[in-house]
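Undergrad: What follows is start.cif, made up of mmCIF, C-alpha atoms:
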```
data_input
#
loop_
_atom_site.label_atom_id
_atom_site.label_comp_id
_atom_site.auth_asym_id
_atom_site.auth_seq_id
_atom_site.Cartn_x
_atom_site.Cartn_y
_atom_site.Cartn_z
CA MET Q 1 58.95 -2.11 -6.78
CA THR Q 2 56.06 0.26 -6.30
CA GLY Q 3 55.05 -1.30 -3.01
CA ASP Q 4 51.32 -1.54 -2.56
CA GLN Q 5 50.32 1.82 -3.91
CA THR Q 6 47.62 1.96 -6.51
CA PRO Q 7 48.11 3.92 -9.74
CA GLN Q 8 47.62 7.40 -8.45
CA PRO Q 9 46.87 10.74 -10.02
CA ALA Q 10 49.77 12.86 -11.23
CA GLY Q 11 51.90 14.61 -8.69
CA GLY Q 12 52.89 11.62 -6.59
CA SER Q 13 56.14 11.06 -4.81
CA GLY Q 14 58.35 10.91 -7.87
CA PRO Q 15 61.61 12.72 -8.39
CA PRO Q 16 61.33 16.50 -8.45
CA PRO Q 17 61.82 18.13 -11.85
CA GLU Q 18 65.36 19.09 -10.91
CA ALA Q 19 66.41 15.52 -10.17
CA GLY Q 20 69.13 15.58 -12.84
CA GLU Q 21 70.74 18.74 -11.54
CA GLY Q 22 73.37 17.00 -9.47
CA TRP Q 23 74.73 15.26 -12.54
CA THR Q 24 74.45 18.46 -14.56
CA ALA Q 25 76.51 20.34 -11.97
CA LEU Q 26 79.12 17.58 -11.97
CA ALA Q 27 79.25 17.66 -15.77
CA TYR Q 28 79.78 21.45 -15.75
CA LEU Q 29 82.61 21.31 -13.22
CA ILE Q 30 84.44 18.39 -14.84
CA GLY Q 31 83.60 19.65 -18.32
CA GLY Q 32 85.00 23.07 -17.61
CA LEU Q 33 88.31 21.67 -16.43
CA ALA Q 34 88.51 19.09 -19.22
CA VAL Q 35 87.57 21.35 -22.13
CA TRP Q 36 89.69 24.36 -21.20
CA GLY Q 37 92.52 22.22 -19.87
CA CYS Q 38 92.56 20.51 -23.26
CA ILE Q 39 92.46 23.81 -25.15
CA GLY Q 40 95.25 25.13 -22.93
CA TRP Q 41 97.32 22.04 -23.60
CA LEU Q 42 96.83 22.46 -27.35
CA VAL Q 43 97.96 26.09 -27.09
CA ASP Q 44 100.93 24.80 -25.11
CA GLN Q 45 101.89 22.42 -27.90
CA TRP Q 46 101.46 25.19 -30.44
CA LEU Q 47 103.31 28.04 -28.74
CA ASP Q 48 105.62 25.91 -26.59
CA THR Q 49 104.84 27.79 -23.37
CA GLY Q 50 105.96 24.98 -21.10
CA GLY Q 51 102.72 24.23 -19.25
CA LEU Q 52 101.74 27.84 -18.60
CA ALA Q 53 98.83 27.77 -21.05
CA THR Q 54 97.57 24.47 -19.64
CA GLY Q 55 97.52 25.98 -16.17
CA ILE Q 56 95.66 29.07 -17.36
CA GLY Q 57 93.25 26.77 -19.19
CA PHE Q 58 92.51 24.79 -16.04
CA LEU Q 59 91.93 27.99 -14.06
CA LEU Q 60 89.63 29.45 -16.70
CA GLY Q 61 87.77 26.16 -17.09
CA GLY Q 62 87.29 25.72 -13.36
CA ALA Q 63 86.01 29.29 -13.04
CA GLY Q 64 83.74 28.84 -16.03
CA GLY Q 65 82.31 25.62 -14.62
CA VAL Q 66 81.54 27.23 -11.26
CA TYR Q 67 80.03 30.25 -13.01
CA LEU Q 68 77.79 28.01 -15.14
CA VAL Q 69 76.57 26.08 -12.11
CA ILE Q 70 75.63 29.37 -10.46
CA ARG Q 71 73.90 30.81 -13.52
CA ARG Q 72 72.09 27.67 -14.66
CA LEU Q 73 71.28 26.00 -11.36
CA GLY Q 74 71.72 28.68 -8.71
CA THR Q 75 68.52 30.68 -9.06
CA PRO Q 76 65.33 28.67 -9.39
CA SER Q 77 63.44 29.90 -12.41
CA MET N 1 101.34 -18.73 0.79
CA ILE N 2 98.15 -17.23 -0.61
CA GLY N 3 99.91 -16.34 -3.82
CA GLN N 4 101.17 -19.91 -4.07
CA SER N 5 97.71 -21.40 -3.64
CA ILE N 6 96.31 -19.15 -6.35
CA VAL N 7 99.03 -20.36 -8.69
CA LEU N 8 98.14 -23.96 -7.82
CA ALA N 9 94.46 -23.37 -8.40
CA GLU N 10 94.93 -21.58 -11.66
CA GLY N 11 94.52 -24.71 -13.68
CA ASP N 12 90.87 -25.32 -12.90
CA ILE N 13 89.50 -22.11 -11.37
CA PRO N 14 89.55 -18.91 -13.40
CA PHE N 15 90.89 -16.70 -10.64
CA PRO N 16 91.33 -13.78 -10.44
CA PRO N 17 88.46 -12.84 -12.79
CA SER N 18 89.33 -10.72 -15.78
CA VAL N 19 87.69 -8.93 -18.66
CA GLU N 20 88.00 -12.16 -20.62
CA ASP N 21 85.20 -13.59 -18.47
CA PHE N 22 82.78 -11.24 -20.20
CA PHE N 23 83.48 -12.55 -23.69
CA LEU N 24 81.45 -15.70 -23.84
CA PRO N 25 81.64 -18.26 -26.65
CA SER N 26 78.98 -18.79 -29.25
CA ILE N 27 76.18 -21.05 -28.09
CA VAL N 28 74.99 -22.26 -31.48
CA PRO N 29 76.73 -25.50 -32.50
CA TRP N 30 77.36 -24.46 -36.10
CA GLY N 31 79.18 -21.23 -35.41
CA GLU N 32 81.80 -22.06 -32.83
CA HIS N 33 83.90 -19.03 -33.55
CA SER N 34 81.09 -16.70 -34.43
CA VAL N 35 80.25 -13.94 -31.98
CA TRP N 36 76.75 -13.34 -33.30
CA PHE N 37 74.81 -15.65 -31.03
CA THR N 38 76.15 -15.85 -27.50
CA LYS N 39 74.50 -16.15 -24.10
CA PHE N 40 73.98 -12.37 -24.20
CA THR N 41 72.02 -12.53 -27.45
CA ALA N 42 69.77 -15.21 -26.01
CA LEU N 43 69.27 -13.26 -22.77
CA ILE N 44 68.35 -10.04 -24.56
CA TRP N 45 65.74 -11.79 -26.71
CA LEU N 46 64.45 -13.70 -23.73
CA ALA N 47 64.03 -10.47 -21.73
CA VAL N 48 62.22 -8.82 -24.64
CA GLY N 49 60.00 -11.89 -24.99
CA ILE N 50 59.17 -11.95 -21.28
CA ALA N 51 58.25 -8.26 -21.30
CA ILE N 52 56.04 -8.61 -24.39
CA VAL N 53 54.27 -11.75 -23.17
CA PHE N 54 53.79 -10.33 -19.69
CA PHE N 55 52.19 -7.10 -20.82
CA LEU N 56 50.10 -8.75 -23.55
CA LEU N 57 48.75 -11.35 -21.14
CA SER N 58 48.07 -8.74 -18.46
CA TYR N 59 46.06 -6.51 -20.78
CA ARG N 60 44.36 -9.20 -22.82
CA LYS N 61 41.09 -8.96 -20.93
CA PRO N 62 41.33 -5.78 -18.86
CA GLN N 63 38.95 -5.74 -15.93
CA LEU N 64 37.57 -2.77 -14.07
CA VAL N 65 38.69 -4.43 -10.86
CA PRO N 66 42.14 -5.55 -11.95
CA THR N 67 43.40 -9.06 -11.49
CA LYS N 68 46.69 -9.44 -9.73
CA ARG N 69 48.76 -9.57 -12.91
CA GLN N 70 46.92 -6.67 -14.46
CA TRP N 71 47.46 -4.72 -11.27
CA ILE N 72 51.22 -5.32 -11.41
CA ALA N 73 51.41 -4.26 -15.05
CA GLU N 74 49.31 -1.16 -14.38
CA SER N 75 51.44 -0.31 -11.36
CA ILE N 76 54.61 -0.45 -13.43
CA TYR N 77 53.18 1.73 -16.17
CA GLY N 78 51.45 4.02 -13.70
CA PHE N 79 54.66 4.41 -11.71
CA VAL N 80 56.73 5.43 -14.72
CA ARG N 81 53.98 7.61 -16.17
CA ASN N 82 53.00 9.49 -13.01
CA ASN N 83 56.11 9.41 -10.89
CA ILE N 84 58.73 9.84 -13.59
CA ALA N 85 57.24 11.24 -16.80
CA VAL N 86 54.57 13.57 -15.42
CA ASP N 87 56.44 14.60 -12.28
CA MET N 88 59.54 15.56 -14.20
CA ILE N 89 58.27 16.83 -17.53
CA GLY N 90 54.79 18.01 -16.59
CA ALA N 91 51.49 17.32 -18.29
CA GLN N 92 53.06 16.82 -21.71
CA GLY N 93 55.27 14.11 -20.23
CA VAL N 94 52.45 11.62 -20.78
CA ARG N 95 53.52 11.54 -24.45
CA PHE N 96 56.85 10.05 -23.43
CA ALA N 97 55.51 7.61 -20.86
CA PRO N 98 55.44 4.62 -23.28
CA TYR N 99 59.09 5.16 -24.18
CA PHE N 100 60.18 5.54 -20.57
CA THR N 101 58.22 2.48 -19.50
CA THR N 102 59.77 0.43 -22.28
CA LEU N 103 63.21 1.73 -21.36
CA PHE N 104 62.68 0.99 -17.68
CA CYS N 105 61.37 -2.54 -18.24
CA PHE N 106 64.04 -3.37 -20.80
CA ILE N 107 66.89 -2.22 -18.57
CA PHE N 108 65.37 -3.74 -15.46
CA LEU N 109 64.77 -7.18 -17.00
CA ASN N 110 68.19 -7.28 -18.61
CA ASN N 111 69.85 -6.16 -15.40
CA LEU N 112 67.93 -8.83 -13.56
CA TRP N 113 69.90 -11.59 -15.32
CA GLN N 114 72.79 -10.52 -13.12
CA ILE N 115 71.23 -12.24 -10.10
CA VAL N 116 69.06 -14.94 -11.68
CA PRO N 117 70.62 -18.22 -10.50
CA PHE N 118 72.58 -20.12 -13.18
CA VAL N 119 72.48 -17.13 -15.54
CA GLN N 120 74.21 -14.54 -13.37
CA ILE N 121 75.54 -12.25 -16.02
CA SER N 122 73.75 -9.28 -17.46
CA PRO N 123 73.97 -8.22 -21.10
CA MET N 124 74.24 -4.68 -19.73
CA SER N 125 77.75 -5.52 -18.54
CA HIS N 126 78.75 -5.14 -22.18
CA ILE N 127 79.14 -1.49 -23.12
CA ALA N 128 77.35 -1.98 -26.47
CA PHE N 129 73.88 -2.35 -24.97
CA PRO N 130 73.94 0.64 -22.58
CA ALA N 131 75.68 2.68 -25.27
CA PHE N 132 72.92 2.03 -27.76
CA LEU N 133 70.22 2.84 -25.19
CA ALA N 134 72.06 6.08 -24.40
CA ILE N 135 72.17 6.93 -28.13
CA ILE N 136 68.40 6.43 -28.35
CA SER N 137 67.78 8.79 -25.41
CA TYR N 138 70.32 11.26 -26.84
CA VAL N 139 68.66 11.37 -30.24
CA LEU N 140 65.27 11.59 -28.56
CA PHE N 141 66.00 14.64 -26.46
CA ILE N 142 67.73 16.50 -29.31
CA TYR N 143 64.85 15.65 -31.68
CA VAL N 144 62.24 16.70 -29.13
CA GLY N 145 64.10 19.95 -28.49
CA ILE N 146 64.39 20.77 -32.19
CA ARG N 147 60.72 19.93 -32.74
CA HIS N 148 59.70 22.11 -29.84
CA HIS N 149 61.93 25.15 -30.31
CA GLY N 150 63.13 24.94 -33.87
CA PHE N 151 66.73 24.16 -34.80
CA ALA N 152 68.42 27.52 -34.15
CA LYS N 153 66.50 28.34 -30.99
CA PHE N 154 67.11 24.92 -29.47
CA PHE N 155 70.87 25.11 -29.91
CA LYS N 156 70.96 28.75 -28.83
CA HIS N 157 68.95 27.80 -25.74
CA SER N 158 71.13 24.85 -24.83
CA LEU N 159 74.50 26.37 -25.72
CA MET N 160 74.17 29.98 -24.57
CA PRO N 161 73.73 30.32 -20.82
CA PRO N 162 72.19 33.50 -19.40
CA ALA N 163 75.43 35.46 -19.03
CA PRO N 164 77.04 38.63 -20.33
CA TRP N 165 78.36 38.43 -23.91
CA PHE N 166 82.04 38.48 -22.96
CA MET N 167 81.59 35.33 -20.90
CA GLN N 168 80.08 33.38 -23.78
CA PRO N 169 83.35 32.29 -25.46
CA LEU N 170 84.41 30.76 -22.15
CA LEU N 171 81.06 29.11 -21.42
CA ILE N 172 79.88 27.81 -24.79
CA PRO N 173 82.58 25.08 -25.06
CA ILE N 174 81.70 23.90 -21.55
CA GLU N 175 77.99 23.80 -22.40
CA LEU N 176 78.74 21.96 -25.62
CA PHE N 177 80.74 19.38 -23.71
CA SER N 178 78.37 18.89 -20.81
CA THR N 179 75.17 18.73 -22.87
CA PHE N 180 76.17 17.00 -26.07
CA VAL N 181 79.23 14.97 -25.10
CA ALA N 182 79.07 14.12 -21.39
CA ARG N 183 75.37 13.24 -21.29
CA PRO N 184 75.26 10.16 -23.52
CA ILE N 185 78.66 8.97 -22.32
CA SER N 186 77.74 9.24 -18.64
CA LEU N 187 74.37 7.56 -19.23
CA ALA N 188 76.02 4.60 -20.91
CA LEU N 189 79.01 4.37 -18.57
CA ARG N 190 76.96 4.56 -15.38
CA LEU N 191 74.79 1.60 -16.33
CA PHE N 192 77.62 -0.41 -17.85
CA ALA N 193 80.11 0.14 -15.03
CA ASN N 194 77.61 -0.75 -12.30
CA LEU N 195 76.71 -4.02 -13.93
CA PHE N 196 80.28 -4.83 -14.93
CA ALA N 197 81.64 -4.17 -11.46
CA GLY N 198 78.77 -6.09 -9.89
CA HIS N 199 79.57 -9.16 -11.95
CA ILE N 200 83.29 -8.92 -11.19
CA ILE N 201 82.58 -8.65 -7.46
CA LEU N 202 80.34 -11.72 -7.50
CA LEU N 203 83.03 -13.61 -9.44
CA VAL N 204 85.72 -12.61 -6.97
CA PHE N 205 83.82 -13.86 -3.94
CA THR N 206 82.40 -17.00 -5.55
CA PHE N 207 85.61 -18.22 -7.18
CA GLY N 208 87.61 -16.82 -4.29
CA GLY N 209 85.74 -19.28 -2.07
CA PHE N 210 86.92 -22.18 -4.23
CA VAL N 211 90.46 -20.86 -4.26
CA LEU N 212 90.43 -20.69 -0.45
CA LEU N 213 88.97 -24.19 -0.25
CA ASN N 214 91.73 -25.53 -2.49
CA SER N 215 94.49 -23.76 -0.65
CA ASP N 216 97.24 -25.68 1.15
CA ALA N 217 96.81 -23.89 4.44
CA ILE N 218 94.29 -25.75 6.56
CA PHE N 219 93.18 -22.61 8.40
CA LEU N 220 92.24 -20.90 5.11
CA LYS N 221 89.74 -23.55 4.06
CA PRO N 222 86.90 -22.56 6.45
CA ILE N 223 87.13 -18.97 5.27
CA SER N 224 85.67 -20.09 1.94
CA VAL N 225 82.30 -20.38 3.68
CA LEU N 226 82.61 -16.74 4.68
CA SER N 227 83.47 -15.83 1.10
CA TRP N 228 80.36 -17.55 -0.23
CA ALA N 229 78.22 -15.92 2.44
CA VAL N 230 79.53 -12.56 1.32
CA SER N 231 78.74 -13.39 -2.29
CA ILE N 232 75.15 -14.19 -1.31
CA ALA N 233 74.90 -10.95 0.65
CA LEU N 234 76.32 -9.05 -2.33
CA THR N 235 73.70 -10.66 -4.56
CA PHE N 236 71.07 -8.87 -2.49
CA LEU N 237 73.04 -5.65 -2.82
CA GLU N 238 73.06 -6.21 -6.59
CA ALA N 239 69.26 -6.52 -6.51
CA LEU N 240 69.19 -2.97 -5.19
CA VAL N 241 71.71 -1.77 -7.78
CA ILE N 242 69.67 -3.36 -10.57
CA VAL N 243 66.45 -1.51 -9.71
CA LEU N 244 68.31 1.69 -8.95
CA GLN N 245 70.23 1.77 -12.24
CA ALA N 246 67.11 1.10 -14.32
CA TYR N 247 65.41 3.91 -12.41
CA ILE N 248 68.30 6.36 -12.73
CA PHE N 249 68.64 5.77 -16.46
CA THR N 250 64.94 6.47 -16.93
CA VAL N 251 64.90 9.51 -14.64
CA LEU N 252 67.92 11.07 -16.32
CA SER N 253 66.45 10.47 -19.78
CA ALA N 254 63.29 12.19 -18.56
CA SER N 255 65.36 15.02 -17.14
CA TYR N 256 67.10 15.55 -20.50
CA VAL N 257 63.78 15.61 -22.33
CA GLN N 258 62.50 18.07 -19.74
CA GLY N 259 65.56 20.27 -20.33
CA ALA N 260 64.97 20.17 -24.08
CA LEU N 261 61.34 21.22 -23.65
CA ALA N 262 61.97 23.94 -21.05
CA ASP N 263 61.30 27.49 -22.15
CA GLY N 264 64.36 29.56 -21.31
CA HIS N 265 65.03 31.41 -18.11
#
```
For this file, write the structure as structure tokens.
TA:
Amino acid sequence: MTGDQTPQPAGGSGPPPEAGEGWTALAYLIGGLAVWGCIGWLVDQWLDTGGLATGIGFLLGGAGGVYLVIRRLGTPS
Amino acid sequence: MIGQSIVLAEGDIPFPPSVEDFFLPSIVPWGEHSVWFTKFTALIWLAVGIAIVFFLLSYRKPQLVPTKRQWIAESIYGFVRNNIAVDMIGAQGVRFAPYFTTLFCFIFLNNLWQIVPFVQISPMSHIAFPAFLAIISYVLFIYVGIRHHGFAKFFKHSLMPPAPWFMQPLLIPIELFSTFVARPISLALRLFANLFAGHIILLVFTFGGFVLLNSDAIFLKPISVLSWAVSIALTFLEALVIVLQAYIFTVLSASYVQGALADGH
């Protein structure tokens, strides 16, 4: 598994600290659509707007997800 | 014709495989209908036993110049400590190295049952085991974050992205979902689905070979050899998946702990 390397001092060839960022970005994009799509659908059921609120929800959620990816992952801290 | 041969073979060969193949009967003679001691139970305990015995034996008389077994055990621990815990979390990651090593070995050994001949099913192909491991990592990173930042600051840090105030109502639900809902679910599902699908694929090609062999059409019979060859090749692919999934689970757990310990932007 580790090949023939000996236990080495810290700072080897492991994953970089941002290794989870791909999954985080995916979670933001899907999460944005899912959460706001769901909220939009609930508003739809409540006000009977015939799918309009769901559509607005998806748009807002998609935009929010992209915005979060940019703010959280875009600029290295 | 193929459909017909499958119907004919249905009596003795469980083909096509289904979810039912994952619910194995009890293996203790006195509890035939009990679900509390199945092959999975035995495999889990066996994997735990192997890990404990292996590490105890390897470290029983530690030498300055390590023996081969001690070297393997030290490499495993050193790999997780240096290349996962310290690389991802930083110097304070050493604190979590024992947990990550345990997690890695536990998942790896239990995944390994998937390709051990005559066992060939992993307990991790039942959602309960990955789900519980995901819950442990979930509780760990929230606990670590609260310990490090304090309750209010931790949740403010993880729920409020650096953004103008009028964006917050839009963003906080997304943060809540992606950090506190999607993380444990995706951890558990990723491991479970990989092992589940791997087992199904091996079943399809192994039993599919028998179905082809039993078919009426003479020119379909030789293809069963091809089917078995593919199932052997896929077993090697599964070996890769097994190591990779144990690694990914550990790395993502480390990444969540790192996120909980990070000091704002």
Undergrad: Could you write out as a list of chain:residue names the residues of chain N within 6 Å of chain Q, counting all atoms listed in the file?
TA: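 Listing them in order of chain and number gives N:Ser75, N:Gly78, N:Asn82, N:Asn83, N:Ile84, N:Asp87, N:Met88, N:Ile174, N:Ser178, N:Leu252, N:Ser255.
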Undergrad: Rounded to one decimal, what separation in Å do you get between CA of Phe192 (chain N) and CA of Ser125 (chain N)?
TA: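 Straight-line distance from CA of Phe192 (chain N) to CA of Ser125 (chain N) works out to 5.2 Å.
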Undergrad: Evaluate the PyMOL selection byres ((chain N and resi 241) around 10) here and jot the selected residues down as a PDB file with C-alpha atoms, keeping the file's coordinate frame.
TA:
```
ATOM      1  CA  ASN N 111      69.850  -6.160 -15.400  1.00  0.00           C
ATOM      2  CA  LEU N 112      67.930  -8.830 -13.560  1.00  0.00           C
ATOM      3  CA  LEU N 191      74.790   1.600 -16.330  1.00  0.00           C
ATOM      4  CA  ASN N 194      77.610  -0.750 -12.300  1.00  0.00           C
ATOM      5  CA  LEU N 195      76.710  -4.020 -13.930  1.00  0.00           C
ATOM      6  CA  GLY N 198      78.770  -6.090  -9.890  1.00  0.00           C
ATOM      7  CA  THR N 235      73.700 -10.660  -4.560  1.00  0.00           C
ATOM      8  CA  PHE N 236      71.070  -8.870  -2.490  1.00  0.00           C
ATOM      9  CA  LEU N 237      73.040  -5.650  -2.820  1.00  0.00           C
ATOM     10  CA  GLU N 238      73.060  -6.210  -6.590  1.00  0.00           C
ATOM     11  CA  ALA N 239      69.260  -6.520  -6.510  1.00  0.00           C
ATOM     12  CA  LEU N 240      69.190  -2.970  -5.190  1.00  0.00           C
ATOM     13  CA  ILE N 242      69.670  -3.360 -10.570  1.00  0.00           C
ATOM     14  CA  VAL N 243      66.450  -1.510  -9.710  1.00  0.00           C
ATOM     15  CA  LEU N 244      68.310   1.690  -8.950  1.00  0.00           C
ATOM     16  CA  GLN N 245      70.230   1.770 -12.240  1.00  0.00           C
ATOM     17  CA  ALA N 246      67.110   1.100 -14.320  1.00  0.00           C
ATOM     18  CA  TYR N 247      65.410   3.910 -12.410  1.00  0.00           C
TER      19      TYR N 247
END
```
Undergrad: Mind giving me the straight-line distance from CA of Val204 (chain N) to CA of Ala217 (chain N) in Å, one decimal?
TA: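 Between CA of Val204 (chain N) and CA of Ala217 (chain N) the gap works out to 19.5 Å.
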Undergrad: Rounded to one decimal, what separation in Å do you get between CA of Cys38 (chain Q) and CA of Gly62 (chain Q)?
TA: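 The value is 12.4 Å.
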Undergrad: Return as a VMD selection string the set of residues that the PyMOL selection byres ((chain N and resi 203) around 10) yields on the displayed structure.
TA: chain N and resid 14 to 18 21 120 197 to 202 204 to 209 231
Undergrad: Evaluated on this file, the PyMOL selection byres ((chain N and resi 48-57) around 9) picks out some residues - which ones are they, written as a PDB file with C-alpha atoms, keeping the file's coordinate frame?
TA:
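Generated file (part_25.pdb):
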```pdb
ATOM      1  CA  LEU N  43      69.270 -13.260 -22.770  1.00  0.00           C
ATOM      2  CA  ILE N  44      68.350 -10.040 -24.560  1.00  0.00           C
ATOM      3  CA  TRP N  45      65.740 -11.790 -26.710  1.00  0.00           C
ATOM      4  CA  LEU N  46      64.450 -13.700 -23.730  1.00  0.00           C
ATOM      5  CA  ALA N  47      64.030 -10.470 -21.730  1.00  0.00           C
ATOM      6  CA  SER N  58      48.070  -8.740 -18.460  1.00  0.00           C
ATOM      7  CA  TYR N  59      46.060  -6.510 -20.780  1.00  0.00           C
ATOM      8  CA  ARG N  60      44.360  -9.200 -22.820  1.00  0.00           C
ATOM      9  CA  LYS N  61      41.090  -8.960 -20.930  1.00  0.00           C
ATOM     10  CA  ARG N  69      48.760  -9.570 -12.910  1.00  0.00           C
ATOM     11  CA  GLN N  70      46.920  -6.670 -14.460  1.00  0.00           C
ATOM     12  CA  ALA N  73      51.410  -4.260 -15.050  1.00  0.00           C
ATOM     13  CA  THR N 102      59.770   0.430 -22.280  1.00  0.00           C
ATOM     14  CA  CYS N 105      61.370  -2.540 -18.240  1.00  0.00           C
ATOM     15  CA  PHE N 106      64.040  -3.370 -20.800  1.00  0.00           C
ATOM     16  CA  LEU N 109      64.770  -7.180 -17.000  1.00  0.00           C
ATOM     17  CA  ASN N 110      68.190  -7.280 -18.610  1.00  0.00           C
TER      18      ASN N 110
END
```
